[in-house]
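Here the structure is laid out as C-alpha cells; the discussion comes afterwards.
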Amino acid sequence: MDFAFTPEQQIFADTVRAFALRHLKDGALERAHEEQFPRALKRLFHEHGLLGITIPEADGGQGGTLMDAVIAIEQVALVCPRSADIIQEGNFGAVRTLAQYATPDQKARFLRPILEGREVIAVGMTEPDAGSATTDLKTQAVPDGNGFRIRGSKVFPNPFADVYLVYVRFGPGVGGIGSVLIRRDAPGFTMGKTSQFMSGAAWAPLFFDNVLVPPEDVLLPAGGFKKQMSGFNAERIGNAARSLAYGRYCFNEARRYAQDRQQFGRPLCEFQGLQWKFADMLVALEAAQLLLYRAASNADRGLPAPDETTLAKLMCNRAGFDAANEAIQIMGGLGYSRESLVEYCFRRSRGWMIAGGSLEMLKNRLAESVFGRRFSQRPPRAGAAAEGGA
C-alpha cells in the first residue's frame with residue numbers, strides 16, 4: 001500500500017501547478033468575484049489538456065483517470081480557486097454523462113465543442129418541488145411525432161451555459177425518467193430573472209413551454225434514471241476535491257498570515273490557541289484527502305464505490321468548510337474581507353454541503369450501508385400503515 005503519487009502523477013501535478021502559477025495567479029481575486037462562468041479560460045485549459053481528462057481520446061478527451069482529474073482540481077484551486085470550476089465542468093457531472101451515453105452524432109454536436117472549450121454545459125435537474133427527492137420531478141416529455149415537447153421548469157442551473165442536460169419525465173414512476181439535450185436558443189426555452197447564491201455564483205430558473213426536442217437529442221429515454229444517477233459517484237468526487245482544495249487554500253493562507261502577523265509583540269503562530277486550530281485543521285484535511293484518494297483510485301479500477309464516494313464527499317465537505325471558517329477567525333478582518341480569497345472559499349465551500357447530495361442525505365445513505373437495508377424517507381402508504389396496524 002503506497003500513499004505517495006506515482007512518478008507520472010507527480011509530474012502531472014507539478015505541470016498543472018506550473019500552468020496555474022503562470023496563467024491563473026494574476027487576476028485570481030477579480031476572477032472569483034465575476035458573476036459569469038470563466039468561459040474565456042476554457043480554450044486555454046483545452047490547449048493544456050485539462051478538459052476531458054477522464055474521457056477517451058476517441059471522444060476528444062485525454063484518456064486519463066479520475067485521480068488525474070482530482071489532482072488537476074487540487075493544483076488549480078491552490079492558485080486560483082474560481083478556475084477549479086473549469087476543471088469541474090470539463091471533467092465531472094454532465095460532461096461525463098454525455099461522454100458515457102451519447103450517440104456518436106451527439107458526441108460530435110455536443111461533447112466535442114465542450115471539450116474544445118467552445119461551449120459550456122449545465123444540468124437542469126432540480127425543480128421547485130423536487131430537490132433531494134429527484135424522482136418527484138414533474139417536467140414532462142410529451143410525444144410529438146418522432147420527438148417530444150418539453151413542458152416544465154428547473155431551478156438553480158448556471159444561466160450562462162450553451163446547452164443543458166435536462167432531466168425529464170417520459171412516463172410515470174422512476175422508470176419514466178430520462179434526459180434530453182436542449183440548447184439555450186431553442187424556441188420556447190426561456191430564463192427567468194438571474195439571481196445569486198451566497199457564493200456569488202449566478203443561477204436562473206429555466207422554463208420549457210412546449211420546447212421541441214427531436215429524437216436525436218434524447219440522451220437517455222425512459223428507464224435511464226439509474227444510469228444518470230450513477231454518474232453522481234464521480235460527480236461527488238469532483239465536489240469533494242474542490243471542497244478539500246479550498247480548505248487547503250485557506251489553511252495555507254492562514255498559515256502564512258499567522259507567521260507574518262504580530263500582536264502583543266509576537267507572531268500569531270506562537271499563541272497556543274491558534275496552534276491548536278492549525279493542528280485540528282491539518283488532521284481533518286489529511287484524513288479527508290485519504291478518503292478522497294481512495295474513492296478516486298478505486299473508481300478508476302472499476303470497483304463499485306458508492307459508499308466510498310459518499311464518505312469522501314461528507315468528510316471533504318466538512319473539512320474544507322471548517323478550514324475556511326477557522327482561517328477567517330485566524331485572519332480576523334482581513335479574512336472576512338472580500339480582499340481575501342479566504343472569505344470566497346468559505347462561501348463556496350458552504351454551498352457544496354448542499355449541492356451534489358446534502359450532508360443529511362449522505363448520512364442516510366451511509367446508514368443504509370451500515371444496516372444493510374433501505375430506509376425510505378417517504379411517509380408510509382395508507383394501505384401499508386393500515387396493514388401494520390392490523
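Identifiers in this document derive from the order of the C-alpha cells: chains are assigned A, B, ..., residues are numbered from 1 separately in each chain, and ligands are numbered from 1 in order of occurrence.
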
Enumerate, in order of chain and increasing residue number, the residues of range 250-302 of chain A with an atom no farther than 10 Å from range 78-84 of chain A, each with its shortest atom pair and distance in Å to one decimal, counting only C-alpha atoms, as a tab-separated table.
residue	atom	partner	partner_atom	distance
A:Cys250	CA	A:Leu78	CA	8.9
A:Asn252	CA	A:Leu78	CA	8.8
A:Glu253	CA	A:Leu78	CA	9.9

Which of range 133-236 of chain A fall in helix (DSSP H, G or I), as JSON, numbers by chain: {"A": [134, 135, 136, 174, 175, 176, 215, 216, 217, 225, 226, 227, 228, 229, 230, 232, 233, 234, 235, 236]}

Interatomic distance, CA of Arg118 in chain A to CA of Gly188 in chain A (Å, one decimal): 24.0 Å

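For Gln275 in chain A, the non-local neighbours within 12 Å, defined as residues at least 4 positions apart in the same chain or in other chains and counting only C-alpha atoms, are Ala254, Arg255, Ala258, Gln259, Pro267, Leu268, Cys269, Glu270, Phe271, Ala279, Asp280, Met281, Leu282, Glu326 and Ile330 of chain A.
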
Mind checking which residues fall within 8 Å of range 286-294 of chain A, counting only C-alpha atoms, ignoring those fewer than 2 positions away in the same chain, and posting them as a PDB file with C-alpha atoms, in the first residue's frame?
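Generated file (result_2.pdb):
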ATOM      1  CA  MET A  67      -7.167  10.667  -9.877  1.00  0.00           C
ATOM      2  CA  ILE A 237     -15.563  13.070  -6.219  1.00  0.00           C
ATOM      3  CA  ALA A 240     -15.209  16.660  -2.702  1.00  0.00           C
ATOM      4  CA  ALA A 241     -11.984  17.585  -4.486  1.00  0.00           C
ATOM      5  CA  LEU A 244     -10.855  19.899   0.070  1.00  0.00           C
ATOM      6  CA  LEU A 282      -4.426  19.529   9.450  1.00  0.00           C
ATOM      7  CA  VAL A 283      -5.813  16.302  10.914  1.00  0.00           C
ATOM      8  CA  ALA A 284      -9.192  16.809   9.211  1.00  0.00           C
ATOM      9  CA  ALA A 296     -10.962   8.124  -6.844  1.00  0.00           C
ATOM     10  CA  SER A 297      -8.386   5.318  -7.112  1.00  0.00           C
ATOM     11  CA  ASN A 298     -10.912   2.545  -6.595  1.00  0.00           C
ATOM     12  CA  GLU A 308     -16.506   5.381  -0.643  1.00  0.00           C
ATOM     13  CA  THR A 309     -17.550   8.424  -2.655  1.00  0.00           C
ATOM     14  CA  LEU A 311     -17.652   9.068   2.746  1.00  0.00           C
ATOM     15  CA  ALA A 312     -15.225  11.200   0.750  1.00  0.00           C
ATOM     16  CA  LYS A 313     -17.765  13.890  -0.021  1.00  0.00           C
ATOM     17  CA  MET A 315     -15.577  14.326   5.041  1.00  0.00           C
ATOM     18  CA  CYS A 316     -14.189  16.715   2.411  1.00  0.00           C
ATOM     19  CA  ALA A 319     -13.018  19.567   6.414  1.00  0.00           C
TER      20      ALA A 319
END

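If you measure from each of A:Gln106, A:Gln100, A:Asn364, A:Thr194 to Pro56 in chain A using only C-alpha atoms, the closest one turns out to be A:Gln100.
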
Can you tell me, as a PDB file with C-alpha atoms, in the first residue's frame, what residues are no more than 12 Å from Ser179 in chain A when counting only C-alpha atoms, ignoring any on the same chain fewer than 3 positions away?
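Once everything was written out, this is part06.pdb:
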ATOM      1  CA  ALA A  94     -22.959  16.452 -17.191  1.00  0.00           C
ATOM      2  CA  THR A  97     -22.822  11.504 -18.517  1.00  0.00           C
ATOM      3  CA  LEU A  98     -22.722  12.830 -22.057  1.00  0.00           C
ATOM      4  CA  TYR A 101     -24.192   7.574 -23.004  1.00  0.00           C
ATOM      5  CA  ALA A 102     -24.269   9.899 -26.025  1.00  0.00           C
ATOM      6  CA  VAL A 123     -27.553  20.286 -15.690  1.00  0.00           C
ATOM      7  CA  GLY A 124     -31.248  21.068 -15.352  1.00  0.00           C
ATOM      8  CA  MET A 125     -32.347  18.637 -12.646  1.00  0.00           C
ATOM      9  CA  LEU A 137     -39.670  15.886 -10.835  1.00  0.00           C
ATOM     10  CA  THR A 139     -41.039  18.345 -16.169  1.00  0.00           C
ATOM     11  CA  GLN A 140     -42.707  16.314 -18.923  1.00  0.00           C
ATOM     12  CA  ALA A 141     -41.561  14.983 -22.277  1.00  0.00           C
ATOM     13  CA  PHE A 148     -41.037  15.256 -27.703  1.00  0.00           C
ATOM     14  CA  ILE A 150     -40.835  19.538 -23.070  1.00  0.00           C
ATOM     15  CA  TYR A 164     -28.499  21.969 -20.832  1.00  0.00           C
ATOM     16  CA  LEU A 165     -28.792  18.319 -19.879  1.00  0.00           C
ATOM     17  CA  VAL A 166     -32.397  18.309 -18.679  1.00  0.00           C
ATOM     18  CA  TYR A 167     -33.953  15.558 -16.584  1.00  0.00           C
ATOM     19  CA  VAL A 168     -37.499  14.892 -17.803  1.00  0.00           C
ATOM     20  CA  ARG A 169     -40.374  12.552 -17.219  1.00  0.00           C
ATOM     21  CA  PHE A 170     -41.379  10.412 -20.206  1.00  0.00           C
ATOM     22  CA  GLY A 176     -40.347   7.011 -16.674  1.00  0.00           C
ATOM     23  CA  ILE A 182     -31.623  21.433 -25.077  1.00  0.00           C
ATOM     24  CA  VAL A 213     -36.734  18.011 -28.779  1.00  0.00           C
ATOM     25  CA  PRO A 215     -35.315  12.140 -31.230  1.00  0.00           C
ATOM     26  CA  GLU A 216     -31.600  12.672 -31.945  1.00  0.00           C
ATOM     27  CA  ASP A 217     -31.380  14.989 -28.897  1.00  0.00           C
ATOM     28  CA  VAL A 218     -32.743  12.443 -26.404  1.00  0.00           C
ATOM     29  CA  LEU A 219     -29.748  11.341 -24.357  1.00  0.00           C
ATOM     30  CA  LEU A 220     -31.416   8.734 -22.149  1.00  0.00           C
ATOM     31  CA  PRO A 221     -35.023   7.631 -22.764  1.00  0.00           C
ATOM     32  CA  ALA A 222     -37.425   6.331 -20.149  1.00  0.00           C
ATOM     33  CA  GLY A 223     -35.613   3.974 -17.820  1.00  0.00           C
ATOM     34  CA  GLY A 224     -32.403   5.991 -17.844  1.00  0.00           C
ATOM     35  CA  PHE A 225     -32.682   7.484 -14.365  1.00  0.00           C
ATOM     36  CA  LYS A 226     -30.405   4.993 -12.624  1.00  0.00           C
ATOM     37  CA  LYS A 227     -27.748   5.458 -15.307  1.00  0.00           C
ATOM     38  CA  GLN A 228     -27.889   9.201 -14.790  1.00  0.00           C
ATOM     39  CA  MET A 229     -27.681   8.943 -11.027  1.00  0.00           C
TER      40      MET A 229
END

Close residues, Ala133 in chain A itself excluded, 10 Å, only C-alpha atoms, min 5 positions apart in chain, as an MDAnalysis selection string: chainID A and resid 126:127 361 377:378

With C-alpha atoms retained, write the just-selected residues as a short mmCIF file (atom, residue, chain, number, x, y, z; two decimals), in the first residue's frame.
data_model
loop_
_atom_site.label_atom_id
_atom_site.label_comp_id
_atom_site.auth_asym_id
_atom_site.auth_seq_id
_atom_site.Cartn_x
_atom_site.Cartn_y
_atom_site.Cartn_z
CA THR A 126 -33.70 20.40 -9.54
CA GLU A 127 -37.27 21.71 -9.60
CA MET A 361 -28.81 12.65 2.58
CA GLN A 377 -37.62 8.96 3.69
CA ARG A 378 -41.19 8.98 2.40
#

Residues of range 193-387 of chain A in strand (DSSP E or B), written as a list in words: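 Here are the strand (DSSP E or B) residues of range 193-387 of chain A: Ser195, Gln196, Ala202, Trp203, Leu206, Phe207, Phe208, Asp209, Asn210, Val211, Leu212, Val213, Val218, Leu219, Leu220, Gln262, Gln263, Arg266 and Pro267 of chain A.
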
Using only C-alpha atoms, which protein or nucleic acid residues come within 8 Å of Asn233 in chain A? Drop anything in the same chain fewer than 3 positions from it, and give the result as an mmCIF file with C-alpha atoms, in the first residue's frame.
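Wrote it out as part11.cif, contents follow:
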data_model
loop_
_atom_site.group_PDB
_atom_site.id
_atom_site.type_symbol
_atom_site.label_atom_id
_atom_site.label_comp_id
_atom_site.auth_asym_id
_atom_site.auth_seq_id
_atom_site.Cartn_x
_atom_site.Cartn_y
_atom_site.Cartn_z
ATOM 1 C CA SER A 230 -24.767 6.502 -11.203
ATOM 2 C CA ARG A 236 -19.270 13.709 -5.817
ATOM 3 C CA ILE A 237 -15.563 13.070 -6.219
ATOM 4 C CA ALA A 305 -17.683 2.591 -4.754
ATOM 5 C CA PRO A 306 -20.873 4.459 -3.817
ATOM 6 C CA THR A 309 -17.550 8.424 -2.655
ATOM 7 C CA THR A 310 -20.217 9.219 -0.067
#
